[in-house]
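Peer 1: The structure under discussion is supplied below as C-alpha cells; questions concerning it will follow.
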Amino acid sequence: MAPTARAQSLLARALVGRWRGTRRCGGRERKERKRGADGRVGTQNHAKIDDTTDAADEGPGVQALYHGVSKAMAGLVPLAWYLDKDGWTIKPVDLALGAAIPVHAHIGMNAVISDYVPPVARGVARGGMLGITAITALGLLKLNLTPGGGISKAVQTLWTRKRT
C-alpha cells in the first residue's frame with residue numbers, strides 16, 4: 001500500500017519539523033520563537049551596558065578574525081614544534097604565537113561571557129577578561145624577548161629531562 005502524495009507531503013513536513021510556523025515536539029505543536037532585529041530570540045530585557053559590549057563580539061569582522069587566528073595557530077604550532085629551537089627562524093614564529101594566543105583566547109572567552117554571564121554582570125566580566133588578556137600578552141611578549149627563551153623553548157622544556 002503506497003502512501004498518497006498528500007501523506008508523503010505531511011510526512012516530509014513532520015520529519016523536517018516545519019508546518020506553518022510550528023514545530024512538532026513530542027506529539028504536540030508549538031510556535032517557533034521569532035528572532036528580533038538584534039538577532040536574539042524572543043523579547044528580553046538587557047542592561048544598557050550590554051548593548052554596547054555585545055556588538056564587539058557578535059560582528060562578522062570579529063568572527064573572521066577569530067577563525068583567521070585559529071587557522072594561523074593551526075599552522076604555527078606544528079611549525080614551532082618542527083623548527084630548530086636555537087635557530088633564528090623560531091623567533092618570528094614565537095612572536096606570532098605570542099600575539100595569536102591571547103587574541104584567540106580573548107575572543108573565545110567573550111563569546112562564553114555573552115552566553116553564560118547574566119547581562120548585568122557582563123561589563124565587569126569583559127573588563128576582567130580584558131585585563132587577563134593584557135597580562136597574558138605582556139607575559140608572552142616578555143617570554144619571547146628573553147634571550148634564549150620563547151614559547152616553543154618553554155614548552156620544549158616540559159618534555160625534556162634535566163641531566164644531572
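Labels used: A, B, ... for chains in the order of the C-alpha cells, numbers from 1 for residues in each chain, and numbers from 1 for ligands as shown.
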Which polymer residues have any atom within 7 Å of an atom of His104 in chain A, counting only C-alpha atoms, with same-chain residues fewer than 4 positions away left out, as a list in words?

Peer 2: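 These residues fall inside the cut-off: Tyr66, Val69, Ser70, Ala100 and Gly108 of chain A.
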
Peer 1: Output C-alpha atoms for every residue in that selection, as a short mmCIF file (atom, residue, chain, number, x, y, z; two decimals), in the first residue's frame.

Peer 2:
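Final output, saved to part-v6.cif:
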data_model
loop_
_atom_site.label_atom_id
_atom_site.label_comp_id
_atom_site.auth_asym_id
_atom_site.auth_seq_id
_atom_site.Cartn_x
_atom_site.Cartn_y
_atom_site.Cartn_z
CA TYR A 66 38.75 34.55 15.35
CA VAL A 69 43.73 33.37 14.14
CA SER A 70 42.60 29.75 14.64
CA ALA A 100 47.71 34.87 18.34
CA GLY A 108 36.57 32.90 22.65
#

Peer 1: Can you work out the spacing between CA of Asn110 in chain A and CA of Gly75 in chain A in Å, to one decimal?

Peer 2: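 Between these atoms lies a distance of 23.9 Å.
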
Peer 1: When distances are computed from only C-alpha atoms, which of A:Ala121, A:Lys91, A:Ile113, A:Gly128 shows the smallest separation from Thr146 in chain A?

Peer 2: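 Closest candidate: A:Lys91.
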
Peer 1: Check the smallest atom-to-atom distance from each of A:Val117, A:Met129, A:Ala134, A:Ala96 to Ile151 in chain A using only C-alpha atoms, then report the winner.

Peer 2: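 Between A:Val117, A:Met129, A:Ala134, A:Ala96, the residue approaching Ile151 in chain A most closely is A:Ala96.
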
Peer 1: What's around Pro102 in chain A at 10 Å? Count only C-alpha atoms, leave out sequence neighbours fewer than 5 positions away in its own chain, and write the answer as an MDAnalysis selection string.

Peer 2: chainID A and resid 97 107:108 130 132:138 140

Peer 1: Quick check, in Å to one decimal: how far apart do CA of Lys71 in chain A and CA of Gly98 in chain A lie?

Peer 2: 14.9 Å

Peer 1: Do you know which residues are at most 9 Å from Ala80 in chain A counting only C-alpha atoms, after dropping those on the same chain fewer than 3 positions away, and could you put them as number ranges by chain?

Peer 2: A: 75-77, 83-85, 90, 93-94, 97, 151-152

Peer 1: Run DSSP on the backbone and tell me which residues of range 68-98 of chain A come out as alpha helix (DSSP H); list them as number ranges by chain.

Peer 2: A: 68-82, 90-98

Peer 1: Could those residues be written to a file, using N, CA and C atoms, as a PDB file, in the first residue's frame?

Peer 2:
ATOM      1  N   GLY A  68      40.432  33.313  11.497  1.00  0.00           N
ATOM      2  CA  GLY A  68      41.750  33.516  10.895  1.00  0.00           C
ATOM      3  C   GLY A  68      42.872  33.208  11.873  1.00  0.00           C
ATOM      4  N   VAL A  69      42.718  33.647  13.121  1.00  0.00           N
ATOM      5  CA  VAL A  69      43.726  33.367  14.136  1.00  0.00           C
ATOM      6  C   VAL A  69      43.776  31.867  14.425  1.00  0.00           C
ATOM      7  N   SER A  70      42.622  31.206  14.424  1.00  0.00           N
ATOM      8  CA  SER A  70      42.599  29.754  14.636  1.00  0.00           C
ATOM      9  C   SER A  70      43.363  29.028  13.536  1.00  0.00           C
ATOM     10  N   LYS A  71      43.151  29.450  12.300  1.00  0.00           N
ATOM     11  CA  LYS A  71      43.867  28.827  11.173  1.00  0.00           C
ATOM     12  C   LYS A  71      45.359  29.112  11.246  1.00  0.00           C
ATOM     13  N   ALA A  72      45.724  30.326  11.642  1.00  0.00           N
ATOM     14  CA  ALA A  72      47.143  30.659  11.777  1.00  0.00           C
ATOM     15  C   ALA A  72      47.799  29.812  12.854  1.00  0.00           C
ATOM     16  N   MET A  73      47.098  29.628  13.981  1.00  0.00           N
ATOM     17  CA  MET A  73      47.660  28.804  15.046  1.00  0.00           C
ATOM     18  C   MET A  73      47.771  27.340  14.630  1.00  0.00           C
ATOM     19  N   ALA A  74      46.842  26.890  13.785  1.00  0.00           N
ATOM     20  CA  ALA A  74      46.911  25.507  13.301  1.00  0.00           C
ATOM     21  C   ALA A  74      48.173  25.282  12.471  1.00  0.00           C
ATOM     22  N   GLY A  75      48.675  26.323  11.847  1.00  0.00           N
ATOM     23  CA  GLY A  75      49.926  26.204  11.104  1.00  0.00           C
ATOM     24  C   GLY A  75      51.150  26.528  11.950  1.00  0.00           C
ATOM     25  N   LEU A  76      51.021  27.476  12.873  1.00  0.00           N
ATOM     26  CA  LEU A  76      52.168  27.910  13.666  1.00  0.00           C
ATOM     27  C   LEU A  76      52.602  26.888  14.715  1.00  0.00           C
ATOM     28  N   VAL A  77      51.656  26.206  15.320  1.00  0.00           N
ATOM     29  CA  VAL A  77      52.010  25.253  16.376  1.00  0.00           C
ATOM     30  C   VAL A  77      52.864  24.102  15.834  1.00  0.00           C
ATOM     31  N   PRO A  78      52.473  23.437  14.736  1.00  0.00           N
ATOM     32  CA  PRO A  78      53.369  22.397  14.207  1.00  0.00           C
ATOM     33  C   PRO A  78      54.698  22.958  13.701  1.00  0.00           C
ATOM     34  N   LEU A  79      54.656  24.177  13.156  1.00  0.00           N
ATOM     35  CA  LEU A  79      55.892  24.803  12.686  1.00  0.00           C
ATOM     36  C   LEU A  79      56.836  25.066  13.853  1.00  0.00           C
ATOM     37  N   ALA A  80      56.306  25.524  14.966  1.00  0.00           N
ATOM     38  CA  ALA A  80      57.135  25.768  16.149  1.00  0.00           C
ATOM     39  C   ALA A  80      57.714  24.464  16.685  1.00  0.00           C
ATOM     40  N   TRP A  81      56.971  23.384  16.573  1.00  0.00           N
ATOM     41  CA  TRP A  81      57.477  22.087  17.029  1.00  0.00           C
ATOM     42  C   TRP A  81      58.592  21.588  16.112  1.00  0.00           C
ATOM     43  N   TYR A  82      58.476  21.879  14.824  1.00  0.00           N
ATOM     44  CA  TYR A  82      59.408  21.345  13.840  1.00  0.00           C
ATOM     45  C   TYR A  82      60.715  22.136  13.770  1.00  0.00           C
ATOM     46  N   ILE A  90      62.956  30.506  14.593  1.00  0.00           N
ATOM     47  CA  ILE A  90      61.903  30.263  15.575  1.00  0.00           C
ATOM     48  C   ILE A  90      61.375  31.554  16.190  1.00  0.00           C
ATOM     49  N   LYS A  91      62.168  32.626  16.201  1.00  0.00           N
ATOM     50  CA  LYS A  91      61.761  33.872  16.860  1.00  0.00           C
ATOM     51  C   LYS A  91      60.498  34.484  16.233  1.00  0.00           C
ATOM     52  N   PRO A  92      60.371  34.596  14.890  1.00  0.00           N
ATOM     53  CA  PRO A  92      59.123  35.125  14.322  1.00  0.00           C
ATOM     54  C   PRO A  92      57.909  34.241  14.617  1.00  0.00           C
ATOM     55  N   VAL A  93      58.112  32.933  14.659  1.00  0.00           N
ATOM     56  CA  VAL A  93      57.014  32.021  14.962  1.00  0.00           C
ATOM     57  C   VAL A  93      56.578  32.199  16.412  1.00  0.00           C
ATOM     58  N   ASP A  94      57.543  32.342  17.320  1.00  0.00           N
ATOM     59  CA  ASP A  94      57.206  32.572  18.730  1.00  0.00           C
ATOM     60  C   ASP A  94      56.474  33.898  18.917  1.00  0.00           C
ATOM     61  N   LEU A  95      56.911  34.941  18.229  1.00  0.00           N
ATOM     62  CA  LEU A  95      56.241  36.234  18.344  1.00  0.00           C
ATOM     63  C   LEU A  95      54.821  36.175  17.782  1.00  0.00           C
ATOM     64  N   ALA A  96      54.648  35.458  16.671  1.00  0.00           N
ATOM     65  CA  ALA A  96      53.299  35.310  16.104  1.00  0.00           C
ATOM     66  C   ALA A  96      52.395  34.525  17.046  1.00  0.00           C
ATOM     67  N   LEU A  97      52.923  33.473  17.655  1.00  0.00           N
ATOM     68  CA  LEU A  97      52.133  32.716  18.635  1.00  0.00           C
ATOM     69  C   LEU A  97      51.822  33.573  19.865  1.00  0.00           C
ATOM     70  N   GLY A  98      52.779  34.416  20.259  1.00  0.00           N
ATOM     71  CA  GLY A  98      52.569  35.293  21.399  1.00  0.00           C
ATOM     72  C   GLY A  98      51.473  36.319  21.153  1.00  0.00           C
TER      73      GLY A  98
END

Peer 1: CA of Leu143 in chain A and CA of Gly127 in chain A, how far apart in Å?

Peer 2: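 Taking CA of Gly127 in chain A as the start and CA of Leu143 in chain A as the end point, the length is 24.4 Å.
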